[in-house]
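S.K.: run-v9.tsv (TSV, C-alpha atoms and all ligand atoms) pasted underneath:
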```
chain	number	residue	atom	x	y	z
A	101	MET	CA	8.55	-24.34	49.28
A	102	ARG	CA	5.47	-25.43	47.42
A	103	PHE	CA	3.76	-22.20	48.43
A	104	THR	CA	6.54	-19.99	46.97
A	105	ARG	CA	6.39	-21.96	43.75
A	106	MET	CA	2.66	-21.39	43.57
A	107	LEU	CA	3.25	-17.68	44.12
A	108	ARG	CA	5.79	-17.61	41.36
A	109	VAL	CA	3.47	-19.41	38.93
A	110	GLY	CA	0.65	-17.08	39.96
A	111	ALA	CA	2.79	-14.03	39.28
A	112	ALA	CA	3.80	-15.37	35.87
A	113	VAL	CA	0.14	-16.00	34.94
A	114	ALA	CA	-0.79	-12.49	36.06
A	115	ALA	CA	2.05	-10.99	34.01
A	116	LEU	CA	0.92	-12.91	30.94
A	117	ALA	CA	-2.67	-11.79	31.40
A	118	LEU	CA	-1.53	-8.19	31.74
A	119	ALA	CA	0.58	-8.43	28.59
A	120	ALA	CA	-2.37	-9.88	26.67
A	121	ALA	CA	-4.68	-7.15	27.93
A	122	CYS	CA	-2.25	-4.42	26.90
A	123	GLY	CA	-1.49	-5.91	23.52
A	124	GLY	CA	-5.04	-6.01	22.25
A	125	GLY	CA	-7.40	-3.31	21.13
A	126	GLY	CA	-6.93	-0.19	19.12
A	127	GLY	CA	-3.72	0.96	20.68
A	128	GLY	CA	-0.09	0.60	19.94
A	129	THR	CA	1.13	-1.24	22.99
A	130	SER	CA	1.81	-4.52	21.20
A	131	GLY	CA	5.17	-3.33	19.86
A	132	LYS	CA	3.98	-3.99	16.32
A	133	SER	CA	4.02	-1.18	13.80
A	134	LEU	CA	0.67	0.52	13.32
A	135	ALA	CA	1.02	-0.33	9.63
A	136	GLN	CA	1.07	-4.03	10.50
A	137	ARG	CA	-1.80	-3.66	12.98
A	138	ALA	CA	-3.89	-1.93	10.33
A	139	LYS	CA	-3.17	-4.77	7.93
A	140	ASP	CA	-4.02	-7.45	10.48
A	141	THR	CA	-7.13	-5.97	12.06
A	142	LYS	CA	-8.44	-3.65	9.31
A	143	LYS	CA	-9.15	-1.16	12.08
A	144	LEU	CA	-7.52	1.98	13.41
A	145	THR	CA	-8.08	4.32	16.33
A	146	VAL	CA	-7.29	7.94	15.58
A	147	GLY	CA	-7.05	10.94	17.91
A	148	ILE	CA	-8.59	14.16	16.58
A	149	LYS	CA	-9.99	17.49	17.74
A	150	PHE	CA	-13.75	17.81	18.16
A	151	ASP	CA	-14.12	21.59	18.28
A	152	GLN	CA	-12.10	23.05	15.43
A	153	PRO	CA	-14.36	24.03	12.52
A	154	GLY	CA	-12.80	23.33	9.12
A	155	LEU	CA	-10.13	21.12	10.69
A	156	GLY	CA	-11.48	18.59	13.17
A	157	GLN	CA	-15.08	18.86	14.22
A	158	LYS	CA	-17.74	16.58	15.62
A	159	THR	CA	-21.07	17.72	14.22
A	160	PRO	CA	-24.30	17.69	16.28
A	161	ASP	CA	-25.40	14.53	14.46
A	162	GLY	CA	-22.23	12.72	15.49
A	163	LYS	CA	-20.30	12.97	12.22
A	164	PHE	CA	-16.70	14.07	11.87
A	165	GLU	CA	-15.52	16.61	9.33
A	166	GLY	CA	-12.68	18.91	8.38
A	167	PHE	CA	-9.27	18.86	6.76
A	168	ASP	CA	-7.66	16.87	9.60
A	169	ILE	CA	-10.45	14.31	9.36
A	170	ASP	CA	-9.87	13.97	5.61
A	171	VAL	CA	-6.14	13.50	6.24
A	172	ALA	CA	-6.85	10.89	8.92
A	173	ARG	CA	-9.19	8.99	6.56
A	174	TYR	CA	-6.88	9.22	3.56
A	175	VAL	CA	-3.98	7.82	5.58
A	176	ALA	CA	-6.16	5.03	6.97
A	177	LYS	CA	-7.29	4.10	3.46
A	178	GLN	CA	-3.67	3.86	2.32
A	179	LEU	CA	-3.02	1.56	5.26
A	180	GLY	CA	-5.90	-0.65	4.14
A	181	VAL	CA	-8.56	0.59	6.57
A	182	ASP	CA	-11.99	1.78	5.41
A	183	GLU	CA	-13.55	4.94	6.71
A	184	GLY	CA	-16.17	3.01	8.68
A	185	ASN	CA	-13.50	1.11	10.58
A	186	ILE	CA	-11.83	4.15	12.07
A	187	GLU	CA	-12.66	4.89	15.66
A	188	PHE	CA	-12.20	8.60	16.33
A	189	LYS	CA	-11.24	9.67	19.85
A	190	LYS	CA	-11.13	13.17	21.24
A	191	ALA	CA	-7.51	14.16	21.81
A	192	GLU	CA	-7.23	17.51	23.59
A	193	SER	CA	-3.95	19.33	23.17
A	194	ALA	CA	-2.47	18.35	26.54
A	195	GLN	CA	-3.48	14.69	26.16
A	196	ARG	CA	-1.94	13.85	22.79
A	197	GLU	CA	1.50	12.51	23.80
A	198	ASN	CA	-0.07	10.61	26.67
A	199	MET	CA	-2.69	8.94	24.49
A	200	ILE	CA	-0.07	7.88	21.96
A	201	GLU	CA	2.32	6.59	24.62
A	202	LYS	CA	-0.41	4.58	26.30
A	203	GLY	CA	-1.57	3.11	23.00
A	204	GLU	CA	-5.06	4.58	23.30
A	205	VAL	CA	-4.76	5.75	19.69
A	206	ASP	CA	-2.75	4.54	16.72
A	207	TYR	CA	-2.10	8.05	15.50
A	208	VAL	CA	-3.17	11.65	16.09
A	209	VAL	CA	-4.24	14.11	13.37
A	210	GLY	CA	-5.15	17.16	15.42
A	211	THR	CA	-3.42	20.44	14.51
A	212	TYR	CA	-0.40	18.84	16.17
A	213	SER	CA	2.80	20.86	15.77
A	214	ILE	CA	6.02	18.95	15.34
A	215	ASN	CA	8.65	19.98	17.89
A	216	ASP	CA	11.68	18.53	19.65
A	217	LYS	CA	10.08	18.40	23.09
A	218	ARG	CA	7.20	16.29	21.81
A	219	LYS	CA	9.64	14.14	19.85
A	220	GLU	CA	11.09	12.96	23.16
A	221	LYS	CA	7.81	11.11	23.67
A	222	VAL	CA	6.30	10.43	20.23
A	223	SER	CA	7.32	10.20	16.58
A	224	PHE	CA	5.86	12.33	13.80
A	225	ALA	CA	5.06	11.79	10.15
A	226	GLY	CA	4.69	14.83	7.94
A	227	PRO	CA	4.53	17.75	7.96
A	228	TYR	CA	1.25	17.90	6.05
A	229	PHE	CA	0.40	21.58	6.66
A	230	VAL	CA	2.20	24.71	7.82
A	231	THR	CA	0.57	27.63	9.61
A	232	GLY	CA	1.57	30.02	12.41
A	233	GLN	CA	0.39	31.53	15.67
A	234	ASP	CA	-1.91	34.57	15.57
A	235	LEU	CA	-4.45	36.32	17.79
A	236	LEU	CA	-8.25	36.40	17.65
A	237	VAL	CA	-10.04	39.41	19.15
A	238	ARG	CA	-13.58	40.80	19.20
A	239	ALA	CA	-14.49	42.49	15.92
A	240	ASP	CA	-14.60	45.97	17.48
A	241	ASN	CA	-11.19	45.75	19.14
A	242	THR	CA	-8.57	48.22	17.96
A	243	ASP	CA	-5.77	48.16	20.53
A	244	ILE	CA	-4.56	44.55	20.23
A	245	THR	CA	-2.38	44.83	17.14
A	246	GLY	CA	0.03	41.97	17.78
A	247	PRO	CA	1.76	39.96	20.51
A	248	ASP	CA	3.61	43.07	21.67
A	249	ALA	CA	0.34	44.88	22.39
A	250	LEU	CA	-1.00	42.57	25.07
A	251	ASN	CA	-0.15	44.71	28.08
A	252	GLY	CA	-2.56	43.82	30.88
A	253	LYS	CA	-4.79	41.92	28.44
A	254	LYS	CA	-6.51	38.71	29.38
A	255	LEU	CA	-5.32	36.19	26.86
A	256	CYS	CA	-6.55	32.65	26.51
A	257	SER	CA	-4.90	29.57	25.09
A	258	VAL	CA	-5.02	25.86	25.67
A	259	LYS	CA	-3.04	23.74	28.13
A	260	GLY	CA	-0.27	21.71	26.52
A	261	SER	CA	-0.34	23.72	23.28
A	262	THR	CA	2.66	25.36	21.62
A	263	PRO	CA	0.93	28.80	21.47
A	264	ALA	CA	0.46	28.80	25.25
A	265	GLN	CA	4.11	27.85	25.65
A	266	LYS	CA	5.22	30.63	23.29
A	267	ILE	CA	3.36	33.24	25.37
A	268	LYS	CA	4.94	31.91	28.57
A	269	THR	CA	8.44	32.04	27.12
A	270	ASP	CA	8.34	35.26	25.12
A	271	PHE	CA	5.42	37.43	26.19
A	272	SER	CA	4.70	36.60	29.83
A	273	GLN	CA	5.56	40.17	30.94
A	274	GLN	CA	2.74	41.65	28.91
A	275	ALA	CA	-0.10	39.18	28.71
A	276	GLU	CA	-2.21	37.73	31.47
A	277	LEU	CA	-2.40	34.18	30.18
A	278	GLN	CA	-5.25	31.86	31.10
A	279	GLU	CA	-4.96	28.27	30.00
A	280	TYR	CA	-8.12	26.28	29.36
A	281	GLY	CA	-8.64	22.64	28.34
A	282	GLY	CA	-9.98	23.37	24.85
A	283	TYR	CA	-10.34	26.26	22.44
A	284	SER	CA	-14.14	26.36	22.56
A	285	GLU	CA	-13.92	27.38	26.23
A	286	CYS	CA	-11.61	30.27	25.26
A	287	LEU	CA	-14.10	31.30	22.59
A	288	THR	CA	-16.94	31.50	25.10
A	289	GLY	CA	-14.82	33.73	27.34
A	290	LEU	CA	-13.93	35.96	24.40
A	291	SER	CA	-17.54	36.46	23.40
A	292	THR	CA	-18.75	37.24	26.93
A	293	GLY	CA	-15.92	39.74	27.47
A	294	LYS	CA	-14.22	37.75	30.22
A	295	LEU	CA	-11.21	37.48	27.92
A	296	ASP	CA	-9.64	39.96	25.51
A	297	ALA	CA	-7.96	37.64	23.05
A	298	LEU	CA	-7.44	34.03	22.09
A	299	THR	CA	-4.15	32.81	20.68
A	300	THR	CA	-3.42	29.74	18.61
A	301	ASP	CA	-2.68	28.85	14.99
A	302	ALA	CA	-4.15	31.21	12.38
A	303	VAL	CA	-5.87	28.40	10.48
A	304	ILE	CA	-7.78	27.40	13.64
A	305	LEU	CA	-8.69	31.02	14.43
A	306	ALA	CA	-9.97	31.53	10.86
A	307	GLY	CA	-12.43	28.68	11.45
A	308	TYR	CA	-13.75	30.32	14.63
A	309	ALA	CA	-14.08	33.72	12.96
A	310	ALA	CA	-16.03	32.19	10.07
A	311	GLN	CA	-18.26	30.23	12.44
A	312	ASN	CA	-19.28	33.46	14.21
A	313	PRO	CA	-19.75	36.06	11.48
A	314	GLY	CA	-19.16	39.66	12.56
A	315	LYS	CA	-18.12	38.69	16.09
A	316	PHE	CA	-14.39	38.11	15.94
A	317	LYS	CA	-11.41	38.96	13.75
A	318	LEU	CA	-7.85	37.77	13.32
A	319	VAL	CA	-5.16	40.31	14.14
A	320	GLY	CA	-3.18	38.98	11.17
A	321	LYS	CA	0.32	39.14	12.59
A	322	VAL	CA	1.64	35.60	12.55
A	323	PHE	CA	4.54	35.20	14.99
A	324	THR	CA	5.55	31.50	14.92
A	325	GLU	CA	5.75	28.66	12.44
A	326	GLU	CA	3.64	25.59	13.19
A	327	LYS	CA	4.27	22.49	11.13
A	328	TYR	CA	1.48	19.97	11.54
A	329	GLY	CA	2.53	16.34	11.86
A	330	ILE	CA	0.77	13.08	12.48
A	331	GLY	CA	1.84	11.79	15.87
A	332	LEU	CA	2.47	8.11	16.41
A	333	LYS	CA	4.26	5.78	18.79
A	334	LYS	CA	7.88	6.76	19.29
A	335	GLY	CA	10.22	4.63	17.20
A	336	ASP	CA	7.57	3.18	14.86
A	337	ALA	CA	9.64	3.91	11.75
A	338	GLU	CA	7.60	1.57	9.57
A	339	GLY	CA	4.38	3.34	10.56
A	340	ARG	CA	5.92	6.78	10.06
A	341	ASP	CA	7.21	5.88	6.59
A	342	ALA	CA	3.84	4.46	5.57
A	343	ILE	CA	2.06	7.62	6.77
A	344	ASN	CA	4.63	9.85	5.04
A	345	LYS	CA	3.93	7.98	1.79
A	346	ALA	CA	0.19	8.43	2.24
A	347	ILE	CA	0.60	12.19	2.84
A	348	GLU	CA	2.75	12.52	-0.26
A	349	LYS	CA	0.11	10.70	-2.29
A	350	MET	CA	-2.66	12.89	-0.89
A	351	ILE	CA	-0.69	15.97	-1.94
A	352	SER	CA	0.23	14.68	-5.41
A	353	ASP	CA	-3.21	13.34	-6.41
A	354	GLY	CA	-5.00	16.58	-5.58
A	355	ALA	CA	-7.02	15.32	-2.58
A	356	TRP	CA	-4.99	17.51	-0.21
A	357	LYS	CA	-5.84	20.73	-2.05
A	358	ALA	CA	-9.46	19.72	-2.67
A	359	SER	CA	-9.99	19.10	1.04
A	360	LEU	CA	-8.46	22.44	2.01
A	361	GLU	CA	-10.55	24.27	-0.59
A	362	LYS	CA	-13.67	22.63	0.78
A	363	HIS	CA	-13.04	23.00	4.49
A	364	VAL	CA	-10.58	25.86	5.02
A	365	GLY	CA	-11.04	28.09	1.96
A	366	PRO	CA	-14.56	29.26	2.89
A	367	ALA	CA	-13.19	30.75	6.13
A	368	GLY	CA	-11.08	33.14	4.03
A	369	TYR	CA	-7.80	31.48	4.97
A	370	LYS	CA	-5.32	31.57	2.12
A	371	ILE	CA	-4.37	28.04	1.25
A	372	PRO	CA	-0.58	27.68	1.27
A	373	ASP	CA	1.56	25.50	-0.93
A	374	PRO	CA	1.93	21.96	0.35
A	375	PRO	CA	4.98	21.33	2.51
A	376	THR	CA	7.71	18.81	1.75
A	377	VAL	CA	7.24	15.70	3.82
A	378	SER	CA	10.52	15.42	5.70
A	379	GLU	CA	10.09	13.64	9.04
A	380	LYS	CA	12.43	10.68	9.47
B	1	LIG	N1	-0.50	23.56	16.75
B	1	LIG	C1	-0.48	23.90	18.12
B	1	LIG	C2	-0.13	22.72	18.99
B	1	LIG	O1	0.12	21.67	18.52
B	1	LIG	C3	-1.77	24.52	18.58
B	1	LIG	C4	-3.01	23.81	18.20
B	1	LIG	C5	-3.46	22.80	19.22
B	1	LIG	O2	-3.47	23.07	20.42
B	1	LIG	O3	-3.84	21.72	18.78
B	1	LIG	O4	-0.07	22.81	20.17
```
Produce structure tokens that represent the structure in this file.
Ligand code: GLU

M.R.:
Amino acid sequence: MRFTRMLRVGAAVAALALAAACGGGGGGTSGKSLAQRAKDTKKLTVGIKFDQPGLGQKTPDGKFEGFDIDVARYVAKQLGVDEGNIEFKKAESAQRENMIEKGEVDYVVGTYSINDKRKEKVSFAGPYFVTGQDLLVRADNTDITGPDALNGKKLCSVKGSTPAQKIKTDFSQQAELQEYGGYSECLTGLSTGKLDALTTDAVILAGYAAQNPGKFKLVGKVFTEEKYGIGLKKGDAEGRDAINKAIEKMISDGAWKASLEKHVGPAGYKIPDPPTVSEK
């Protein structure tokens, strides 16, 4: 009898310890809104891309820069968190929902398209930018003119991304799709000739083309619409509304356009009008 009671007490203590362990730290497992956590701790953990020039990039000296980074920082500031108190974590395309669900990050700003499938697992604020899927080929290529001209071509995209999914659903007959973990791996394959094309959002491809002058070019036939959102824990309506407000402010006070002109404009990408923030 006494032994079972001890077991029961032991189990309760273990459960409490586990709950405490999960509730702490940068993540969203405490059930509190990220807006409240930001207020309480003055810290945030944000998932970003490390290898997307102009958008989300970790520089060789360990700094972070790009339009997505500016958005992440602007939002944090509006939530009461200074730039120096943001911990950036690498969030590869296939890992984003998982990292948000597990509470490893408070939010993700990483060329993250809003769609219904992802909304089963996470919530989105935004959109804060709209682009579309295109193809990147070597500068001397002439036969890849669009997604319908991929017959027998070796095409690369990234696991867990919407462009890879689009190829599988609509163009799998033509293209020989290879899915890698990140876009920089695709880029290596494209420059060595192992791959014929890389597909993802045009704004990302423009950054790669600009980073490697004379080597690659965009085909220029956009065939999807990608609305970038900020991913956060599913059901955190307070957090989503606070982020939506921050995005609207960034657009209205000119910081949105200034950041795009600084980071995306030099790649030759035409800066679009800002979208209407509509996620609820
Ligand atoms: N926007 C697309 C997506 O969310 C492609 C870019 C990316 O892989 O981050 O999947």

S.K.: Excluding Thr145 of chain A and its own-chain neighbours fewer than 4 positions away, which residues fall within 9 Å of it when counting all atoms listed in the file? Please give them as an mmCIF file with C-alpha atoms, keeping the file's coordinate frame.

M.R.:
```cif
data_model
loop_
_atom_site.group_PDB
_atom_site.id
_atom_site.type_symbol
_atom_site.label_atom_id
_atom_site.label_comp_id
_atom_site.auth_asym_id
_atom_site.auth_seq_id
_atom_site.Cartn_x
_atom_site.Cartn_y
_atom_site.Cartn_z
ATOM 1 C CA GLY A 126 -6.930 -0.190 19.120
ATOM 2 C CA GLY A 127 -3.720 0.960 20.680
ATOM 3 C CA ASN A 185 -13.500 1.110 10.580
ATOM 4 C CA ILE A 186 -11.830 4.150 12.070
ATOM 5 C CA GLU A 187 -12.660 4.890 15.660
ATOM 6 C CA PHE A 188 -12.200 8.600 16.330
ATOM 7 C CA LYS A 189 -11.240 9.670 19.850
ATOM 8 C CA GLU A 204 -5.060 4.580 23.300
ATOM 9 C CA VAL A 205 -4.760 5.750 19.690
ATOM 10 C CA ASP A 206 -2.750 4.540 16.720
ATOM 11 C CA TYR A 207 -2.100 8.050 15.500
ATOM 12 C CA VAL A 208 -3.170 11.650 16.090
#
```

S.K.: Pick the closest to ligand LIG 1 (chain B) from A:Asp182, A:Asp140, A:Glu325, A:Asp248: which is it, counting only C-alpha atoms and all ligand atoms?

M.R.: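 Looking at the shortest contact to ligand LIG 1 (chain B), the residue is A:Glu325.
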
S.K.: So what do you get for atom O2 of ligand LIG 1 (chain B) versus atom CA of Asn215 of chain A, distance-wise?

M.R.: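 Answer for the atom O2 of ligand LIG 1 (chain B) to atom CA of Asn215 of chain A separation: 12.8 Å.
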
S.K.: Adding 6 Å on each side of the box along x, y and z that holds all listed atoms of segment 220-238 of chain A, could you give its centre and edge lengths in Å to one decimal, as AutoDock Vina command-line options?

M.R.:
```
--center_x -1.2 --center_y 25.5 --center_z 14.9 --size_x 36.7 --size_y 42.6 --size_z 29.6
```

S.K.: Extract, using only C-alpha atoms, all DNA, RNA and protein residues at most 10 Å from Gly281 of chain A, discarding same-chain residues fewer than 2 positions from it, and format them as an MDAnalysis selection string.

M.R.: chainID A and resid 192:195 257:261 279 283:286

S.K.: Kindly provide, as a PyMOL selection string, all nucleotide and amino acid residues lying within 7 Å of ligand LIG 1 (chain B), counting all atoms listed in the file.

M.R.: chain A and resi 193+210-213+258+260-263+300-301+326+328

S.K.: Would you mind listing what lies within 12 Å of Pro227 of chain A as a PyMOL selection string, with all atoms listed in the file counted and same-chain residues fewer than 3 positions away left out?

M.R.: chain A and resi 171+209+211-215+223-224+230-231+325-331+340+343-348+351+374-380
